[in-house]
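**Student:** Supplied structure: final26.tsv, TSV, C-alpha atoms.
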```
chain	number	residue	atom	x	y	z
A	792	MET	CA	-18.33	41.00	-52.90
A	793	VAL	CA	-19.98	37.80	-51.65
A	794	GLU	CA	-20.03	34.83	-53.99
A	795	LYS	CA	-23.54	33.39	-54.36
A	796	ALA	CA	-24.58	29.89	-53.41
A	797	PRO	CA	-27.92	28.10	-53.07
A	798	PRO	CA	-30.00	28.81	-49.92
A	799	THR	CA	-29.99	26.73	-46.74
A	800	SER	CA	-26.38	25.72	-47.25
A	801	PRO	CA	-23.87	24.66	-44.58
A	802	VAL	CA	-21.63	27.50	-43.38
A	803	ALA	CA	-18.03	26.88	-42.28
A	804	LEU	CA	-15.96	29.05	-39.98
A	805	VAL	CA	-12.24	28.72	-40.77
A	806	LEU	CA	-9.76	30.02	-38.18
A	807	ALA	CA	-6.06	30.44	-38.93
A	808	GLY	CA	-2.99	30.11	-36.71
A	809	GLY	CA	-0.92	32.72	-34.92
A	810	ALA	CA	-0.49	31.79	-31.22
A	811	ALA	CA	-1.37	34.81	-29.04
A	812	ARG	CA	-2.66	36.61	-32.13
A	813	GLY	CA	-5.66	34.27	-31.92
A	814	ALA	CA	-7.47	36.78	-29.69
A	815	TYR	CA	-8.12	38.74	-32.87
A	816	GLU	CA	-10.20	35.82	-34.20
A	817	VAL	CA	-12.32	35.86	-31.06
A	818	GLY	CA	-13.21	39.51	-31.64
A	819	VAL	CA	-14.31	38.82	-35.22
A	820	VAL	CA	-16.42	35.81	-34.21
A	821	GLN	CA	-17.94	37.65	-31.27
A	822	TYR	CA	-19.09	40.50	-33.51
A	823	ILE	CA	-20.55	38.08	-36.06
A	824	ILE	CA	-22.44	36.07	-33.46
A	825	GLU	CA	-23.74	39.04	-31.51
A	826	GLU	CA	-24.16	41.96	-33.92
A	827	VAL	CA	-24.70	40.24	-37.25
A	828	GLY	CA	-27.04	37.78	-35.53
A	829	LYS	CA	-28.97	40.72	-34.08
A	830	SER	CA	-29.39	42.28	-37.53
A	831	LEU	CA	-30.51	38.95	-38.99
A	832	GLY	CA	-32.96	38.38	-36.15
A	833	ARG	CA	-31.69	34.82	-35.56
A	834	ASP	CA	-28.69	32.88	-34.38
A	835	VAL	CA	-25.83	32.86	-36.85
A	836	PRO	CA	-25.36	29.29	-38.14
A	837	LEU	CA	-21.82	27.94	-37.89
A	838	ASP	CA	-22.19	24.34	-39.08
A	839	ILE	CA	-18.55	23.41	-39.66
A	840	LEU	CA	-15.68	24.62	-37.48
A	841	CYS	CA	-12.16	24.28	-38.92
A	842	GLY	CA	-9.00	25.44	-37.19
A	843	THR	CA	-5.24	25.28	-37.31
A	844	SER	CA	-2.85	26.12	-34.45
A	845	ILE	CA	-4.48	28.66	-32.12
A	846	GLY	CA	-7.43	28.64	-34.51
A	847	ALA	CA	-7.91	24.97	-33.62
A	848	LEU	CA	-8.15	25.87	-29.93
A	849	ASN	CA	-10.68	28.61	-30.68
A	850	ALA	CA	-12.68	26.26	-32.91
A	851	CYS	CA	-12.74	23.56	-30.22
A	852	ALA	CA	-13.94	26.08	-27.64
A	853	LEU	CA	-16.75	27.26	-29.94
A	854	ALA	CA	-17.72	23.62	-30.49
A	855	ALA	CA	-17.65	22.84	-26.76
A	856	PHE	CA	-19.87	25.87	-26.03
A	857	ALA	CA	-22.24	25.22	-28.95
A	858	ASP	CA	-25.21	24.85	-26.59
A	859	ASP	CA	-24.87	28.60	-25.88
A	860	PRO	CA	-24.94	29.98	-29.45
A	861	LYS	CA	-25.35	33.63	-28.44
A	862	GLY	CA	-22.89	33.59	-25.55
A	863	ARG	CA	-20.14	31.21	-26.63
A	864	ALA	CA	-17.89	33.84	-28.21
A	865	ARG	CA	-18.31	36.05	-25.15
A	866	ARG	CA	-17.30	33.11	-22.92
A	867	LEU	CA	-14.23	32.52	-25.08
A	868	ALA	CA	-13.35	36.23	-24.99
A	869	ARG	CA	-13.54	36.16	-21.20
A	870	VAL	CA	-11.00	33.32	-21.10
A	871	TRP	CA	-8.62	35.32	-23.30
A	872	CYS	CA	-9.05	38.51	-21.29
A	873	ASP	CA	-8.25	36.71	-18.03
A	874	LEU	CA	-4.86	35.47	-19.27
A	875	ARG	CA	-1.73	36.38	-17.32
A	876	VAL	CA	1.40	36.01	-19.39
A	877	GLU	CA	3.69	35.49	-16.41
A	878	LYS	CA	1.71	32.33	-15.51
A	879	LEU	CA	1.67	30.93	-19.02
A	880	ILE	CA	5.00	31.78	-20.67
A	881	GLN	CA	8.03	30.31	-18.98
A	882	PRO	CA	11.33	29.31	-20.62
A	883	ASP	CA	11.61	25.54	-21.03
A	884	LEU	CA	15.21	25.47	-19.78
A	885	ARG	CA	15.11	21.76	-19.03
A	886	GLY	CA	13.95	20.97	-22.53
A	887	VAL	CA	16.53	23.23	-24.17
A	888	LEU	CA	19.39	21.77	-22.13
A	889	SER	CA	18.22	18.21	-22.83
A	890	MET	CA	17.97	18.91	-26.53
A	891	GLY	CA	21.44	20.48	-26.64
A	892	THR	CA	22.98	17.61	-24.69
A	893	ARG	CA	21.56	15.01	-27.04
A	894	TRP	CA	22.74	16.94	-30.09
A	895	LEU	CA	26.27	17.24	-28.72
A	896	ARG	CA	26.43	13.57	-27.80
A	897	GLY	CA	24.90	12.53	-31.10
A	898	ARG	CA	22.53	10.12	-29.40
A	899	ARG	CA	19.04	9.40	-30.62
A	900	ASP	CA	16.72	6.98	-28.85
A	901	ALA	CA	13.42	6.88	-30.68
A	902	ASP	CA	11.85	4.50	-28.16
A	903	THR	CA	12.35	6.69	-25.12
A	904	PRO	CA	12.35	10.33	-26.23
A	905	PRO	CA	12.46	12.88	-23.42
A	906	ALA	CA	9.03	14.18	-22.49
A	907	ARG	CA	10.12	17.82	-22.53
A	908	GLU	CA	12.15	18.44	-25.64
A	909	GLY	CA	11.68	20.48	-28.75
A	910	GLY	CA	10.70	24.01	-27.69
A	911	LEU	CA	11.96	27.20	-26.08
A	912	VAL	CA	8.74	27.78	-24.10
A	913	ASP	CA	7.19	25.44	-21.55
A	914	PRO	CA	3.54	24.94	-22.62
A	915	ALA	CA	2.43	23.30	-19.37
A	916	GLY	CA	0.62	26.42	-18.10
A	917	LEU	CA	-1.25	26.88	-21.37
A	918	GLU	CA	-2.16	23.20	-21.52
A	919	ARG	CA	-3.56	23.22	-17.97
A	920	LEU	CA	-5.60	26.32	-18.76
A	921	ILE	CA	-7.01	24.82	-21.97
A	922	GLU	CA	-8.01	21.58	-20.26
A	923	ALA	CA	-9.68	23.53	-17.46
A	924	GLU	CA	-11.56	26.00	-19.67
A	925	ILE	CA	-12.60	23.91	-22.70
A	926	PRO	CA	-14.88	20.93	-21.93
A	927	PHE	CA	-13.73	18.76	-24.84
A	928	ALA	CA	-16.08	15.91	-23.88
A	929	ARG	CA	-19.06	18.11	-24.68
A	930	ILE	CA	-17.99	18.47	-28.31
A	931	ASP	CA	-19.31	15.00	-29.12
A	932	GLU	CA	-22.48	15.62	-27.13
A	933	HIS	CA	-23.24	18.73	-29.16
A	934	LEU	CA	-22.47	16.93	-32.43
A	935	GLN	CA	-24.89	14.15	-31.55
A	936	ALA	CA	-27.51	16.76	-30.64
A	937	GLY	CA	-27.13	18.31	-34.10
A	938	LEU	CA	-25.93	21.71	-32.86
A	939	PHE	CA	-23.30	21.68	-35.61
A	940	SER	CA	-22.05	19.07	-38.07
A	941	ALA	CA	-18.25	18.86	-37.80
A	942	VAL	CA	-15.08	20.23	-36.25
A	943	THR	CA	-11.59	19.74	-37.69
A	944	VAL	CA	-8.11	20.25	-36.29
A	945	SER	CA	-5.07	20.28	-38.59
A	946	THR	CA	-1.55	19.25	-37.58
A	947	THR	CA	1.73	18.55	-39.33
A	948	HIS	CA	2.92	14.94	-39.10
A	949	ILE	CA	6.63	15.36	-38.38
A	950	ALA	CA	7.89	12.08	-39.85
A	951	SER	CA	6.22	12.55	-43.25
A	952	GLY	CA	5.63	16.31	-43.42
A	953	ARG	CA	2.00	15.71	-44.39
A	954	THR	CA	-0.91	17.70	-43.07
A	955	ILE	CA	-3.14	15.53	-40.90
A	956	VAL	CA	-6.74	16.72	-40.69
A	957	PHE	CA	-8.45	15.24	-37.64
A	958	VAL	CA	-12.18	15.20	-38.36
A	959	HIS	CA	-14.83	14.85	-35.65
A	960	ARG	CA	-18.36	14.62	-36.94
A	961	ARG	CA	-21.64	13.02	-35.99
A	962	GLU	CA	-21.38	10.21	-38.54
A	963	ARG	CA	-18.13	8.92	-36.98
A	964	ASP	CA	-16.56	8.28	-40.39
A	965	LEU	CA	-15.04	10.37	-43.16
A	966	PRO	CA	-16.93	11.83	-46.10
A	967	PRO	CA	-15.54	11.21	-49.61
A	968	TRP	CA	-12.15	12.89	-49.66
A	969	SER	CA	-10.31	13.55	-52.88
A	970	LEU	CA	-6.80	12.14	-53.10
A	971	ASP	CA	-4.18	14.67	-52.09
A	972	PRO	CA	-0.72	13.29	-51.27
A	973	THR	CA	-0.02	16.17	-48.87
A	974	ILE	CA	-3.22	15.84	-46.78
A	975	THR	CA	-4.37	12.82	-44.77
A	976	PRO	CA	-7.81	12.93	-43.08
A	977	ARG	CA	-8.47	10.90	-39.94
A	978	ALA	CA	-11.82	10.36	-38.24
A	979	VAL	CA	-11.43	10.87	-34.49
A	980	ARG	CA	-13.03	12.25	-31.37
A	981	ILE	CA	-11.18	15.50	-30.82
A	982	THR	CA	-9.27	15.61	-27.53
A	983	PRO	CA	-7.01	18.19	-25.91
A	984	GLN	CA	-3.98	16.37	-27.39
A	985	HIS	CA	-5.15	17.11	-30.94
A	986	ALA	CA	-5.52	20.80	-30.09
A	987	PHE	CA	-2.15	20.92	-28.31
A	988	ALA	CA	-0.46	19.33	-31.32
A	989	SER	CA	-2.05	21.75	-33.76
A	990	ALA	CA	-0.79	24.70	-31.69
A	991	ALA	CA	2.76	23.36	-31.18
A	992	ILE	CA	4.67	26.00	-33.15
A	993	PRO	CA	8.17	24.70	-33.96
A	994	ILE	CA	10.97	26.48	-32.12
A	995	LEU	CA	8.56	27.81	-29.49
A	996	PHE	CA	6.66	24.73	-28.27
A	997	ARG	CA	7.53	21.05	-28.11
A	998	ALA	CA	5.92	18.54	-30.46
A	999	VAL	CA	3.04	16.35	-29.22
A	1000	ARG	CA	2.57	12.61	-29.55
A	1001	ILE	CA	-0.74	11.28	-30.86
A	1002	ASP	CA	-1.05	7.50	-31.18
A	1003	GLY	CA	2.73	7.25	-30.87
A	1004	GLU	CA	3.44	9.72	-33.69
A	1005	LEU	CA	4.88	13.20	-33.32
A	1006	HIS	CA	2.81	16.14	-34.54
A	1007	CYS	CA	3.38	19.89	-34.55
A	1008	ASP	CA	1.68	23.04	-35.78
A	1009	GLY	CA	-0.63	22.43	-38.72
A	1010	GLY	CA	0.11	25.89	-40.05
A	1011	LEU	CA	3.40	24.74	-41.55
A	1012	ARG	CA	1.52	23.30	-44.51
A	1013	GLN	CA	-2.05	24.51	-44.03
A	1014	ASN	CA	-2.34	27.67	-41.95
A	1015	VAL	CA	-5.85	28.36	-43.21
A	1016	PRO	CA	-7.74	25.02	-43.42
A	1017	LEU	CA	-10.04	25.84	-46.32
A	1018	SER	CA	-9.79	22.37	-47.88
A	1019	PRO	CA	-11.47	20.51	-44.96
A	1020	ALA	CA	-14.40	22.94	-45.06
A	1021	ARG	CA	-14.98	22.13	-48.72
A	1022	ARG	CA	-14.61	18.37	-48.22
A	1023	LEU	CA	-17.19	18.47	-45.43
A	1024	GLY	CA	-19.79	20.06	-47.70
A	1025	ALA	CA	-19.63	23.75	-46.81
A	1026	ARG	CA	-21.38	25.97	-49.33
A	1027	GLY	CA	-20.20	29.14	-47.66
A	1028	VAL	CA	-17.05	29.89	-45.68
A	1029	ILE	CA	-15.94	32.72	-43.40
A	1030	VAL	CA	-12.16	32.83	-43.06
A	1031	VAL	CA	-10.59	34.75	-40.18
A	1032	ASN	CA	-6.85	35.38	-40.33
A	1033	PRO	CA	-4.88	37.50	-37.80
A	1034	ARG	CA	-2.03	37.95	-40.28
A	1035	HIS	CA	-1.83	41.54	-41.51
A	1036	ILE	CA	-0.69	42.15	-45.08
A	1037	GLU	CA	0.52	45.58	-46.12
A	1038	ARG	CA	-1.16	46.57	-49.37
A	1039	ARG	CA	1.80	48.72	-50.44
A	1040	ILE	CA	5.43	48.35	-49.49
A	1041	ASP	CA	7.50	51.53	-49.52
A	1042	GLU	CA	10.97	50.55	-50.70
A	1043	SER	CA	12.28	54.10	-51.06
A	1044	PRO	CA	15.66	54.93	-49.45
A	1045	ALA	CA	13.93	57.19	-46.94
A	1046	ASN	CA	12.02	54.21	-45.64
A	1047	GLY	CA	15.10	52.06	-45.13
A	1048	LYS	CA	15.65	52.64	-41.43
A	1049	VAL	CA	17.53	49.45	-40.58
A	1050	ASP	CA	20.92	50.62	-39.35
A	1051	ALA	CA	22.35	47.16	-38.66
A	1052	PHE	CA	21.75	43.55	-39.46
A	1053	PRO	CA	18.64	42.40	-37.52
A	1054	GLY	CA	19.20	40.45	-34.33
A	1055	PRO	CA	18.26	36.79	-33.81
A	1056	LEU	CA	14.97	37.58	-32.03
A	1057	PHE	CA	13.83	39.72	-34.95
A	1058	LEU	CA	14.78	36.92	-37.34
A	1059	ILE	CA	12.94	34.30	-35.26
A	1060	GLY	CA	9.77	36.41	-35.47
A	1061	LYS	CA	10.10	36.77	-39.23
A	1062	THR	CA	10.86	33.05	-39.54
A	1063	LEU	CA	7.63	32.24	-37.72
A	1064	ASN	CA	5.78	34.59	-40.07
A	1065	ALA	CA	7.29	32.75	-43.03
A	1066	LEU	CA	6.55	29.30	-41.59
A	1067	LEU	CA	2.92	30.25	-41.03
A	1068	LEU	CA	2.57	32.11	-44.33
A	1069	ASP	CA	-0.74	31.05	-45.79
A	1070	ARG	CA	-1.96	30.65	-49.34
A	1071	ILE	CA	-5.49	31.77	-48.57
A	1072	ASP	CA	-5.58	34.56	-51.15
A	1073	THR	CA	-4.54	32.09	-53.85
A	1074	ASP	CA	-7.04	29.50	-52.59
A	1075	LEU	CA	-9.90	32.00	-52.55
A	1076	ALA	CA	-8.97	33.29	-56.02
A	1077	ARG	CA	-9.11	29.70	-57.29
A	1078	LEU	CA	-12.45	29.22	-55.54
A	1079	ARG	CA	-13.91	32.30	-57.20
A	1080	SER	CA	-12.65	31.11	-60.59
A	1081	ILE	CA	-14.44	27.78	-60.09
A	1082	ASN	CA	-17.60	29.64	-59.05
A	1083	ASP	CA	-17.41	31.78	-62.20
A	1084	ILE	CA	-16.97	28.71	-64.41
A	1085	LEU	CA	-19.90	26.88	-62.81
A	1086	GLU	CA	-22.12	29.95	-63.00
A	1087	ALA	CA	-21.24	30.50	-66.66
A	1088	GLY	CA	-21.92	26.82	-67.40
A	1089	CYS	CA	-25.36	27.03	-65.80
A	1090	ARG	CA	-26.17	30.16	-67.82
A	1091	ARG	CA	-25.03	28.52	-71.05
A	1092	TYR	CA	-26.19	24.93	-70.60
A	1093	GLY	CA	-28.93	25.10	-67.97
A	1094	PRO	CA	-29.31	24.39	-64.23
A	1095	ASP	CA	-28.21	20.73	-64.55
A	1096	PHE	CA	-24.73	21.72	-65.71
A	1097	VAL	CA	-23.07	21.25	-62.30
A	1098	ASP	CA	-24.53	17.77	-61.77
A	1099	GLU	CA	-23.67	16.70	-65.31
A	1100	ILE	CA	-20.06	17.87	-65.21
A	1101	ASN	CA	-19.54	16.17	-61.84
A	1102	ALA	CA	-21.02	12.96	-63.22
A	1103	ALA	CA	-18.68	13.18	-66.20
A	1104	LEU	CA	-15.77	13.56	-63.77
A	1105	GLY	CA	-16.87	10.40	-61.94
A	1106	HIS	CA	-18.16	12.04	-58.75
A	1107	PRO	CA	-21.18	10.50	-56.97
A	1108	ARG	CA	-24.35	12.55	-57.11
A	1109	GLY	CA	-24.18	15.45	-54.70
A	1110	ARG	CA	-20.37	15.40	-54.65
A	1111	GLY	CA	-17.69	17.11	-56.65
A	1112	MET	CA	-17.44	20.76	-57.61
A	1113	ARG	CA	-20.05	23.08	-56.11
A	1114	PRO	CA	-20.29	26.85	-55.79
A	1115	MET	CA	-19.02	28.07	-52.43
A	1116	SER	CA	-19.48	31.59	-51.05
A	1117	SER	CA	-16.55	33.17	-49.23
A	1118	ILE	CA	-15.58	36.08	-47.03
A	1119	LEU	CA	-12.03	36.70	-45.78
A	1120	ILE	CA	-11.56	38.94	-42.74
A	1121	ARG	CA	-7.92	39.77	-42.16
A	1122	ALA	CA	-6.32	41.94	-39.47
A	1123	SER	CA	-6.33	45.58	-40.54
A	1124	GLN	CA	-3.47	46.44	-38.19
A	1125	ASP	CA	0.02	45.01	-37.80
A	1126	ILE	CA	-0.24	42.92	-34.63
A	1127	GLY	CA	3.56	42.87	-34.30
A	1128	LYS	CA	3.55	46.65	-33.97
A	1129	LEU	CA	0.71	46.50	-31.45
A	1130	ALA	CA	2.74	44.02	-29.40
A	1131	ALA	CA	5.80	46.27	-29.47
A	1132	ASP	CA	3.80	49.29	-28.34
A	1133	TYR	CA	2.16	47.37	-25.51
A	1134	VAL	CA	5.31	45.74	-24.08
A	1135	ARG	CA	7.17	49.08	-24.14
A	1136	SER	CA	4.30	50.88	-22.39
A	1137	PRO	CA	4.08	51.80	-18.68
A	1138	ALA	CA	0.85	49.77	-18.47
A	1139	PHE	CA	2.76	46.57	-19.27
A	1140	SER	CA	5.47	47.36	-16.72
A	1141	LYS	CA	2.82	47.79	-14.01
A	1142	ARG	CA	0.95	44.63	-15.01
A	1143	VAL	CA	3.77	42.17	-15.71
A	1144	GLY	CA	6.75	42.04	-13.38
A	1145	GLY	CA	9.37	39.53	-12.39
A	1146	GLY	CA	11.47	37.49	-14.75
A	1147	THR	CA	8.76	37.17	-17.39
A	1148	GLY	CA	8.29	40.92	-17.63
A	1149	ARG	CA	12.04	41.51	-17.88
A	1150	LEU	CA	12.39	38.82	-20.54
A	1151	LEU	CA	9.58	40.19	-22.70
A	1152	ARG	CA	10.84	43.75	-22.39
A	1153	ARG	CA	14.31	42.57	-23.34
A	1154	ILE	CA	12.88	40.87	-26.42
A	1155	ALA	CA	11.11	44.10	-27.33
A	1156	GLU	CA	14.33	46.07	-26.90
A	1157	ARG	CA	16.30	43.68	-29.08
A	1158	ASP	CA	13.63	43.52	-31.79
A	1159	ALA	CA	13.01	46.12	-34.51
A	1160	PRO	CA	12.17	49.65	-33.34
A	1161	ASP	CA	8.53	49.58	-34.39
A	1162	GLU	CA	7.45	45.93	-34.34
A	1163	ALA	CA	7.81	42.73	-32.34
A	1164	ASP	CA	6.60	39.72	-34.30
A	1165	LEU	CA	8.07	37.19	-31.86
A	1166	LEU	CA	6.36	38.92	-28.93
A	1167	SER	CA	3.04	38.91	-30.75
A	1168	TYR	CA	3.16	35.10	-30.77
A	1169	LEU	CA	4.12	34.84	-27.09
A	1170	LEU	CA	2.02	37.62	-25.56
A	1171	PHE	CA	-0.73	35.52	-23.96
A	1172	ASP	CA	-1.84	38.41	-21.77
A	1173	GLY	CA	-5.37	39.59	-21.07
A	1174	GLU	CA	-4.71	43.29	-21.71
A	1175	PHE	CA	-3.10	42.60	-25.08
A	1176	ALA	CA	-5.84	40.08	-25.90
A	1177	SER	CA	-8.45	42.77	-25.17
A	1178	GLN	CA	-6.77	45.07	-27.68
A	1179	LEU	CA	-6.78	42.38	-30.36
A	1180	ILE	CA	-10.41	41.47	-29.65
A	1181	GLU	CA	-11.39	45.09	-30.22
A	1182	VAL	CA	-9.43	45.19	-33.49
A	1183	GLY	CA	-11.24	42.02	-34.58
A	1184	ARG	CA	-14.63	43.45	-33.69
A	1185	ALA	CA	-13.85	46.65	-35.60
A	1186	ASP	CA	-12.73	44.72	-38.69
A	1187	ALA	CA	-15.91	42.62	-38.64
A	1188	LYS	CA	-18.02	45.74	-38.11
A	1189	ALA	CA	-16.49	47.24	-41.24
A	1190	ARG	CA	-17.88	44.22	-43.14
A	1191	HIS	CA	-21.28	44.20	-41.40
A	1192	ASP	CA	-23.47	44.62	-44.48
A	1193	GLU	CA	-21.42	42.08	-46.43
A	1194	LEU	CA	-21.71	39.54	-43.62
A	1195	CYS	CA	-25.47	40.05	-43.36
A	1196	ALA	CA	-25.80	39.53	-47.12
A	1197	PHE	CA	-23.64	36.40	-46.88
A	1198	PHE	CA	-25.89	34.72	-44.32
A	1199	THR	CA	-29.08	35.95	-45.95
A	1200	GLU	CA	-28.12	34.35	-49.28
A	1201	LEU	CA	-26.99	31.08	-47.72
A	1202	VAL	CA	-29.70	30.53	-45.15
A	1203	ALA	CA	-33.28	30.79	-46.33
```
Please re-express this file's structure in structure tokens.

**Tutor:**
Amino acid sequence: MVEKAPPTSPVALVLAGGAARGAYEVGVVQYIIEEVGKSLGRDVPLDILCGTSIGALNACALAAFADDPKGRARRLARVWCDLRVEKLIQPDLRGVLSMGTRWLRGRRDADTPPAREGGLVDPAGLERLIEAEIPFARIDEHLQAGLFSAVTVSTTHIASGRTIVFVHRRERDLPPWSLDPTITPRAVRITPQHAFASAAIPILFRAVRIDGELHCDGGLRQNVPLSPARRLGARGVIVVNPRHIERRIDESPANGKVDAFPGPLFLIGKTLNALLLDRIDTDLARLRSINDILEAGCRRYGPDFVDEINAALGHPRGRGMRPMSSILIRASQDIGKLAADYVRSPAFSKRVGGGTGRLLRRIAERDAPDEADLLSYLLFDGEFASQLIEVGRADAKARHDELCAFFTELVA
């Protein structure tokens, strides 16, 4: 069910984290832009783009290609489908050895930290690809042209543990932002460094310095950046999350197939799942409760109820609590299982050879029999990305009528 909001209201697209799982988001967005737009007979408006981790990279790409509203998702999908994992995923042996040496010696030099420390995987290949494929400078051009109103990238500030929301919008400053001790907004021009920092998953990738401060994956505290969308005035939000949630968990003895204590690779995958565990269901439930309260107040006390209660709370006119429509599209399939099936298939063996292929197959062998969560974060490969894009398109197609109703109600 789509929550109702007044017409001609800003629409936000919120993209979650998940490293290589981010291809799923591209499939959802591509279906919305192409097929839902076709049914509506107009371009689908995406006024506010909010992302965390790989979602931040996807959001930045959509912002950079905003002058091609019908084709931008297809362009992004092409980038994903051209990925070759053996060129992008290499062990960061130098960084691991440096980190281990410093730990053993007990030395810590904050002024001259090594440039390559803090992750198991060397991100240089991914960073070069992102800088080559996403024209970040065009984001500001498109903002000034009014093609959309804002883009945000969320990171985790390592020293304080706070979520930093980097906000790039046409007005150059920040809108009124309610006080939240765990979230700090900053007005910036988004650069590749902001996107790299947001996608720097601890354990896997090294942290990134921005203005002299270390930042890592924003998903540690805010995997689904719903709050920035609200602060920037969205009256409707589409949330895309590649994290699959089983509706029922079979805990019967027959289902307990673990013969031995899981290995470290299995545990690393589950740890990443836990680190990036989002609270989106709770956030959306709270949002719907607020919508119900505001709607009931308007029925009981008249159409000025929302303005009056916000005034009583001390909010400037036009600010404060407002109804916000919402749709959550979540992966219908377990992407960890899809990763396991792909890496153990003959197609993968033919496509990916050398040390990278052997390493990924070894990870699959050491992981659980029917899933590979760690692989699903690392598998930046075009064939796997194509599978996830198709899953995303199918999940969006299943919500076609709901999505059409969502845009019809929001955009007059």

**Student:** For each of A:Arg1022, A:Asp1186, A:Glu1156, A:Ala1131, take the minimum atom-to-atom distance to A:Gly1111, counting only C-alpha atoms, then give the residue where this is smallest.

**Tutor:**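 With only C-alpha atoms as the atom set, the closest residue is A:Arg1022.
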
**Student:** So the first atom is atom CA of A:Leu917 and the second is atom CA of A:Pro993; what is the distance between them in Å, to one decimal place?

**Tutor:**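 One can read the atom CA of A:Leu917 to atom CA of A:Pro993 distance as 15.9 Å.
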
**Student:** At a cut-off of 8 Å around the point (0.8, 38.1, -19.0) (file coordinates), what residues fall inside when counting all atoms listed in the file? I'd like the answer as a list of chain:residue names.

**Tutor:**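 Within the cut-off we find A:Leu874, A:Arg875, A:Val876, A:Glu877, A:Lys878, A:Leu879, A:Ile880, A:Arg1142, A:Val1143, A:Leu1170, A:Phe1171, A:Asp1172, A:Gly1173.
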
**Student:** Just give me the gap between atom CA of A:Ala1102 and atom CA of A:Ala1020 in Å, one decimal is fine.

**Tutor:**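 Computed distance, atom CA of A:Ala1102 to atom CA of A:Ala1020, equals 21.8 Å.
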
**Student:** Mind giving me the straight-line distance from atom CA of A:Gln821 to atom CA of A:Phe939 in Å, one decimal?

**Tutor:**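 Spanning atom CA of A:Gln821 to atom CA of A:Phe939 is a straight-line distance of 17.4 Å.
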
**Student:** What's around stretch 968-977 of chain A at 7 Å? Count all atoms listed in the file, leave out sequence neighbours fewer than 5 positions away in its own chain, and write the answer as number ranges by chain.

**Tutor:** A: 953-958, 1022

**Student:** Can you tell me, as a list in words, which residues sit within 10 Å of (-20.6, 20.8, -38.0) in the file's frame, using all atoms listed in the file?

**Tutor:**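 Counting all atoms listed in the file, I find these residues within 10 Å of (-20.6, 20.8, -38.0): Pro801, Val802, Ala803, Leu804, Pro836, Leu837, Asp838, Ile839, Leu840, Cys841, Ala854, His933, Leu934, Gly937, Leu938, Phe939, Ser940, Ala941, Val942, Thr943, His959, Arg960, Arg961, Ala1020, Leu1023, Gly1024 and Ala1025 of chain A.
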
**Student:** Could you check the closest approach to A:Asp1098 for each of A:Gly952, A:Pro1114, A:Gly1144, A:Gly832 and tell me which residue wins, using all atoms listed in the file?

**Tutor:**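 Looking only at the distances to A:Asp1098, the closest residue turns out to be A:Pro1114.
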
**Student:** Have a look at A:Ala1130, A:Ile930, A:Ala978, A:Ile949 and name the one nearest to A:Arg1000; count only C-alpha atoms.

**Tutor:** A:Ile949

**Student:** Counting all atoms listed in the file, which of A:Leu1085, A:Gln984, A:Gly809, A:Arg1108 gets nearest to A:Pro967?

**Tutor:**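 Of A:Leu1085, A:Gln984, A:Gly809, A:Arg1108, the one nearest A:Pro967, counting all atoms listed in the file, is A:Arg1108.
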
**Student:** Just checking: using all atoms listed in the file, which residue out of A:Leu1129, A:Val819, A:Leu1119, A:Ala1185 ends up closest to A:Val1028?

**Tutor:**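 Under the stated criterion, the closest residue is A:Leu1119.
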
**Student:** Using only C-alpha atoms, which of the listed residues (A:Glu1181, A:Glu825, A:Glu1037, A:Glu1004) sits closest to A:Ala864?

**Tutor:** A:Glu825

**Student:** Which residues, written as an MDAnalysis selection string, have at least one atom at most 9 Å from A:Gly1183, with all atoms listed in the file counted and residues fewer than 6 positions away on the same chain left out?

**Tutor:** chainID A and resid 814:822 1033 1120:1123

**Student:** Can you tell me, as number ranges by chain, what residues are no more than 10 Å from A:Glu1086 when counting all atoms listed in the file, ignoring any on the same chain fewer than 2 positions away?

**Tutor:** A: 795-796, 1080-1084, 1088-1094, 1096-1097, 1113-1114
